[in-house]
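One file, model_7.txt, carrying compact mmCIF, N, CA and C atoms:
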```
# COMPACT_ATOMS: atom_id res chain seq x y z
N MET A 236 177.37 -80.87 -19.69
CA MET A 236 177.33 -81.16 -21.12
C MET A 236 177.37 -79.85 -21.91
N GLN A 237 178.12 -79.84 -22.98
CA GLN A 237 178.27 -78.65 -23.81
C GLN A 237 177.04 -78.46 -24.70
N SER A 238 176.76 -77.23 -25.01
CA SER A 238 175.66 -76.96 -25.93
C SER A 238 176.11 -77.25 -27.36
N TYR A 239 175.15 -77.44 -28.22
CA TYR A 239 175.45 -77.69 -29.63
C TYR A 239 176.21 -76.52 -30.24
N LYS A 240 175.73 -75.29 -29.95
CA LYS A 240 176.38 -74.10 -30.53
C LYS A 240 177.84 -74.00 -30.10
N TYR A 241 178.11 -74.28 -28.85
CA TYR A 241 179.49 -74.23 -28.35
C TYR A 241 180.32 -75.31 -29.04
N PHE A 242 179.77 -76.53 -29.11
CA PHE A 242 180.47 -77.65 -29.74
C PHE A 242 180.77 -77.34 -31.20
N LYS A 243 179.78 -76.79 -31.91
CA LYS A 243 179.96 -76.44 -33.32
C LYS A 243 181.04 -75.37 -33.47
N ALA A 244 180.99 -74.36 -32.62
CA ALA A 244 181.99 -73.28 -32.67
C ALA A 244 183.39 -73.83 -32.46
N GLN A 245 183.52 -74.77 -31.55
CA GLN A 245 184.84 -75.36 -31.29
C GLN A 245 185.33 -76.15 -32.50
N LEU A 246 184.43 -76.92 -33.10
CA LEU A 246 184.81 -77.70 -34.28
C LEU A 246 185.22 -76.80 -35.44
N LEU A 247 184.47 -75.71 -35.63
CA LEU A 247 184.73 -74.84 -36.77
C LEU A 247 186.01 -74.02 -36.63
N LYS A 248 186.68 -74.12 -35.51
CA LYS A 248 187.99 -73.48 -35.36
C LYS A 248 189.04 -74.22 -36.18
N ASP A 249 188.79 -75.48 -36.45
CA ASP A 249 189.69 -76.29 -37.27
C ASP A 249 189.44 -75.93 -38.74
N LYS A 250 190.47 -75.47 -39.44
CA LYS A 250 190.32 -75.01 -40.82
C LYS A 250 189.80 -76.10 -41.76
N THR A 251 190.23 -77.33 -41.56
CA THR A 251 189.79 -78.44 -42.41
C THR A 251 188.31 -78.70 -42.21
N ILE A 252 187.87 -78.72 -40.97
CA ILE A 252 186.45 -78.96 -40.67
C ILE A 252 185.62 -77.80 -41.19
N LYS A 253 186.10 -76.58 -41.00
CA LYS A 253 185.36 -75.41 -41.45
C LYS A 253 185.18 -75.42 -42.97
N LYS A 254 186.23 -75.81 -43.69
CA LYS A 254 186.15 -75.88 -45.15
C LYS A 254 185.13 -76.93 -45.58
N ALA A 255 185.17 -78.10 -44.97
CA ALA A 255 184.22 -79.17 -45.31
C ALA A 255 182.79 -78.74 -45.00
N TYR A 256 182.61 -78.06 -43.87
CA TYR A 256 181.28 -77.60 -43.47
C TYR A 256 180.72 -76.61 -44.49
N LYS A 257 181.55 -75.68 -44.94
CA LYS A 257 181.11 -74.70 -45.94
C LYS A 257 180.77 -75.35 -47.26
N GLU A 258 181.54 -76.36 -47.64
CA GLU A 258 181.29 -77.05 -48.91
C GLU A 258 179.97 -77.80 -48.88
N LEU A 259 179.53 -78.24 -47.72
CA LEU A 259 178.27 -78.97 -47.59
C LEU A 259 177.07 -78.04 -47.44
N GLY A 260 177.30 -76.76 -47.28
CA GLY A 260 176.23 -75.80 -47.07
C GLY A 260 175.09 -75.90 -48.06
N PRO A 261 175.35 -75.89 -49.37
CA PRO A 261 174.25 -75.98 -50.34
C PRO A 261 173.45 -77.27 -50.21
N GLU A 262 174.11 -78.37 -49.87
CA GLU A 262 173.39 -79.63 -49.69
C GLU A 262 172.44 -79.54 -48.50
N PHE A 263 172.92 -78.96 -47.40
CA PHE A 263 172.07 -78.80 -46.21
C PHE A 263 170.85 -77.94 -46.54
N VAL A 264 171.07 -76.88 -47.29
CA VAL A 264 169.97 -75.99 -47.64
C VAL A 264 168.94 -76.73 -48.50
N LEU A 265 169.41 -77.45 -49.49
CA LEU A 265 168.51 -78.20 -50.37
C LEU A 265 167.70 -79.22 -49.59
N VAL A 266 168.36 -80.00 -48.76
CA VAL A 266 167.67 -81.02 -47.97
C VAL A 266 166.64 -80.39 -47.06
N LYS A 267 167.01 -79.30 -46.41
CA LYS A 267 166.08 -78.60 -45.51
C LYS A 267 164.85 -78.14 -46.28
N MET A 268 165.04 -77.58 -47.45
CA MET A 268 163.92 -77.10 -48.25
C MET A 268 163.00 -78.25 -48.68
N LEU A 269 163.59 -79.36 -49.08
CA LEU A 269 162.78 -80.52 -49.51
C LEU A 269 161.96 -81.07 -48.35
N ILE A 270 162.59 -81.20 -47.20
CA ILE A 270 161.87 -81.72 -46.03
C ILE A 270 160.74 -80.78 -45.64
N GLU A 271 161.02 -79.49 -45.60
CA GLU A 271 159.99 -78.52 -45.24
C GLU A 271 158.82 -78.56 -46.21
N LYS A 272 159.11 -78.64 -47.49
CA LYS A 272 158.06 -78.69 -48.52
C LYS A 272 157.23 -79.96 -48.37
N ARG A 273 157.91 -81.09 -48.15
CA ARG A 273 157.19 -82.37 -47.99
C ARG A 273 156.28 -82.32 -46.77
N LEU A 274 156.80 -81.83 -45.66
CA LEU A 274 156.02 -81.77 -44.42
C LEU A 274 154.86 -80.78 -44.53
N LYS A 275 155.10 -79.66 -45.20
CA LYS A 275 154.04 -78.67 -45.37
C LYS A 275 152.86 -79.26 -46.15
N GLN A 276 153.16 -80.16 -47.06
CA GLN A 276 152.11 -80.80 -47.85
C GLN A 276 151.53 -82.02 -47.13
N GLY A 277 152.07 -82.32 -45.97
CA GLY A 277 151.56 -83.44 -45.19
C GLY A 277 151.89 -84.80 -45.77
N LEU A 278 152.98 -84.87 -46.52
CA LEU A 278 153.39 -86.13 -47.14
C LEU A 278 154.40 -86.86 -46.28
N THR A 279 154.27 -88.17 -46.22
CA THR A 279 155.31 -88.99 -45.60
C THR A 279 156.37 -89.26 -46.67
N GLN A 280 157.49 -89.80 -46.23
CA GLN A 280 158.52 -90.19 -47.20
C GLN A 280 157.98 -91.24 -48.16
N THR A 281 157.20 -92.15 -47.63
CA THR A 281 156.62 -93.21 -48.47
C THR A 281 155.69 -92.64 -49.52
N GLU A 282 154.86 -91.69 -49.13
CA GLU A 282 153.92 -91.08 -50.08
C GLU A 282 154.67 -90.31 -51.16
N LEU A 283 155.70 -89.58 -50.78
CA LEU A 283 156.50 -88.85 -51.77
C LEU A 283 157.17 -89.83 -52.72
N ALA A 284 157.73 -90.89 -52.16
CA ALA A 284 158.39 -91.90 -53.00
C ALA A 284 157.42 -92.48 -54.03
N ARG A 285 156.21 -92.78 -53.59
CA ARG A 285 155.20 -93.33 -54.53
C ARG A 285 154.89 -92.33 -55.64
N LYS A 286 154.81 -91.06 -55.29
CA LYS A 286 154.50 -90.03 -56.29
C LYS A 286 155.56 -89.94 -57.37
N ILE A 287 156.80 -90.28 -57.04
CA ILE A 287 157.87 -90.19 -58.04
C ILE A 287 158.26 -91.55 -58.60
N GLY A 288 157.53 -92.59 -58.17
CA GLY A 288 157.82 -93.93 -58.67
C GLY A 288 159.08 -94.52 -58.07
N SER A 289 159.31 -94.25 -56.80
CA SER A 289 160.50 -94.74 -56.13
C SER A 289 160.09 -95.42 -54.82
N GLN A 290 161.07 -95.61 -53.93
CA GLN A 290 160.80 -96.27 -52.66
C GLN A 290 161.24 -95.36 -51.52
N GLN A 291 160.65 -95.55 -50.36
CA GLN A 291 160.90 -94.72 -49.18
C GLN A 291 162.38 -94.63 -48.80
N PRO A 292 163.16 -95.71 -48.85
CA PRO A 292 164.57 -95.59 -48.47
C PRO A 292 165.35 -94.58 -49.32
N VAL A 293 164.94 -94.39 -50.57
CA VAL A 293 165.60 -93.42 -51.44
C VAL A 293 165.35 -92.00 -50.90
N ILE A 294 164.11 -91.73 -50.50
CA ILE A 294 163.79 -90.41 -49.95
C ILE A 294 164.52 -90.22 -48.62
N SER A 295 164.59 -91.26 -47.83
CA SER A 295 165.29 -91.18 -46.55
C SER A 295 166.76 -90.84 -46.76
N ARG A 296 167.41 -91.51 -47.70
CA ARG A 296 168.82 -91.23 -47.98
C ARG A 296 169.00 -89.81 -48.49
N LEU A 297 168.08 -89.36 -49.33
CA LEU A 297 168.15 -87.99 -49.83
C LEU A 297 168.05 -87.00 -48.68
N GLU A 298 167.10 -87.22 -47.78
CA GLU A 298 166.89 -86.30 -46.66
C GLU A 298 168.00 -86.37 -45.62
N ARG A 299 168.70 -87.48 -45.55
CA ARG A 299 169.84 -87.60 -44.63
C ARG A 299 171.12 -87.03 -45.25
N GLY A 300 171.08 -86.80 -46.55
CA GLY A 300 172.26 -86.28 -47.23
C GLY A 300 173.25 -87.34 -47.63
N THR A 301 172.80 -88.60 -47.67
CA THR A 301 173.70 -89.69 -48.05
C THR A 301 173.43 -90.19 -49.46
N TYR A 302 172.63 -89.45 -50.21
CA TYR A 302 172.29 -89.82 -51.59
C TYR A 302 172.66 -88.65 -52.48
N ASN A 303 173.37 -88.90 -53.54
CA ASN A 303 173.78 -87.86 -54.46
C ASN A 303 172.84 -87.87 -55.66
N PRO A 304 171.77 -87.06 -55.61
CA PRO A 304 170.75 -87.13 -56.66
C PRO A 304 171.19 -86.46 -57.95
N THR A 305 170.61 -86.91 -59.04
CA THR A 305 170.81 -86.26 -60.33
C THR A 305 169.84 -85.08 -60.43
N ILE A 306 170.10 -84.21 -61.38
CA ILE A 306 169.18 -83.09 -61.63
C ILE A 306 167.82 -83.65 -62.05
N LYS A 307 167.83 -84.70 -62.84
CA LYS A 307 166.58 -85.32 -63.30
C LYS A 307 165.76 -85.80 -62.08
N PHE A 308 166.42 -86.43 -61.13
CA PHE A 308 165.74 -86.92 -59.93
C PHE A 308 165.17 -85.74 -59.13
N LEU A 309 165.94 -84.66 -58.99
CA LEU A 309 165.47 -83.49 -58.27
C LEU A 309 164.27 -82.85 -58.97
N HIS A 310 164.25 -82.90 -60.30
CA HIS A 310 163.08 -82.42 -61.03
C HIS A 310 161.85 -83.25 -60.70
N ARG A 311 162.02 -84.55 -60.61
CA ARG A 311 160.89 -85.43 -60.25
C ARG A 311 160.38 -85.09 -58.86
N ILE A 312 161.29 -84.87 -57.93
CA ILE A 312 160.90 -84.50 -56.56
C ILE A 312 160.16 -83.17 -56.58
N ALA A 313 160.73 -82.19 -57.27
CA ALA A 313 160.10 -80.86 -57.34
C ALA A 313 158.71 -80.95 -57.94
N ASP A 314 158.55 -81.71 -59.02
CA ASP A 314 157.23 -81.88 -59.63
C ASP A 314 156.25 -82.50 -58.65
N ALA A 315 156.69 -83.52 -57.94
CA ALA A 315 155.82 -84.20 -56.97
C ALA A 315 155.41 -83.28 -55.83
N LEU A 316 156.25 -82.29 -55.53
CA LEU A 316 155.97 -81.36 -54.44
C LEU A 316 155.34 -80.06 -54.96
N ASP A 317 154.95 -80.05 -56.23
CA ASP A 317 154.39 -78.85 -56.86
C ASP A 317 155.32 -77.65 -56.68
N ALA A 318 156.59 -77.90 -56.90
CA ALA A 318 157.61 -76.87 -56.73
C ALA A 318 158.40 -76.71 -58.03
N GLU A 319 159.21 -75.68 -58.08
CA GLU A 319 160.05 -75.43 -59.23
C GLU A 319 161.50 -75.59 -58.81
N LEU A 320 162.25 -76.37 -59.58
CA LEU A 320 163.67 -76.54 -59.32
C LEU A 320 164.44 -75.45 -60.04
N LYS A 321 165.26 -74.72 -59.30
CA LYS A 321 166.10 -73.69 -59.89
C LYS A 321 167.55 -74.00 -59.51
N VAL A 322 168.42 -74.01 -60.50
CA VAL A 322 169.83 -74.28 -60.26
C VAL A 322 170.59 -73.06 -60.75
N SER A 323 171.55 -72.61 -59.97
CA SER A 323 172.33 -71.45 -60.40
C SER A 323 173.79 -71.60 -59.96
N ILE A 324 174.62 -70.91 -60.67
CA ILE A 324 176.04 -70.82 -60.32
C ILE A 324 176.36 -69.33 -60.29
N SER A 325 176.94 -68.91 -59.17
CA SER A 325 177.28 -67.49 -59.09
C SER A 325 178.70 -67.28 -58.67
```
Structure re-expressed in structure tokens:
Amino acid sequence: MQSYKYFKAQLLKDKTIKKAYKELGPEFVLVKMLIEKRLKQGLTQTELARKIGSQQPVISRLERGTYNPTIKFLHRIADALDAELKVSIS
């Protein structure tokens, strides 16, 4: 069986896949940061959802990357996690 790193390297040789992967980079970073912050605070998805007045499946979709959140929603998440949302374009 091939390792993940080898498999990823092989996939990224394809220019189309590499482009799509790079475009998703900021989303992966955001999701990773949200999950880490939630876990560091010892919150479950359900507890975070309650704090923002939502439901667990919404948090699950956000963390899987299948939900396209608004800036307003991300502010609610950041507030619930005692974090600051910063958005930039460079």
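When only C-alpha atoms are used to measure the gap to Ser295 of chain A, the shortest distance among A:Ile270, A:Ala315, A:Leu246, A:Ala255 belongs to A:Ile270.
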| request: Please measure the separation of atom C of Leu274 of chain A and atom N of Leu297 of chain A, giving the value in Å to one decimal. | output: 16.5 Å
| request: Quick one: pick out all alpha helix (DSSP H) residues within chain A from a backbone DSSP run and write them as a PyMOL selection string. | output: chain A and resi 239-246+250-275+280-287+291-299+306-315
| query | Out of A:Gln276, A:Thr251, A:Ser289, A:Gln245, which residue has the shortest atom-to-atom distance to Asp317 of chain A when counting only C-alpha atoms? | reply |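 Under the stated criterion, the closest residue is A:Gln276.
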| Given the choices A:Leu247, A:Glu298, A:Leu269, A:Ile324, which gets closest to Ile312 of chain A if the distance is worked out from only N, CA and C atoms? | A:Leu269
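Atom C of Gly260 of chain A is positioned 23.8 Å from atom CA of Thr279 of chain A.
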Padded axis-aligned box of segment 272-287 of chain A (4 Å per side), centre and edge lengths, Å, one decimal, as AutoDock Vina command-line options:
```
--center_x 155.3 --center_y -86.0 --center_z -51.5 --size_x 15.6 --size_y 22.7 --size_z 22.2
```
| task | Between A:Val264, A:Arg299, A:Asp314, A:Phe242, single out the one closest to Leu283 of chain A, counting only C-alpha atoms. | result |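 Once distances to Leu283 of chain A are computed over only C-alpha atoms, the minimum belongs to A:Asp314.
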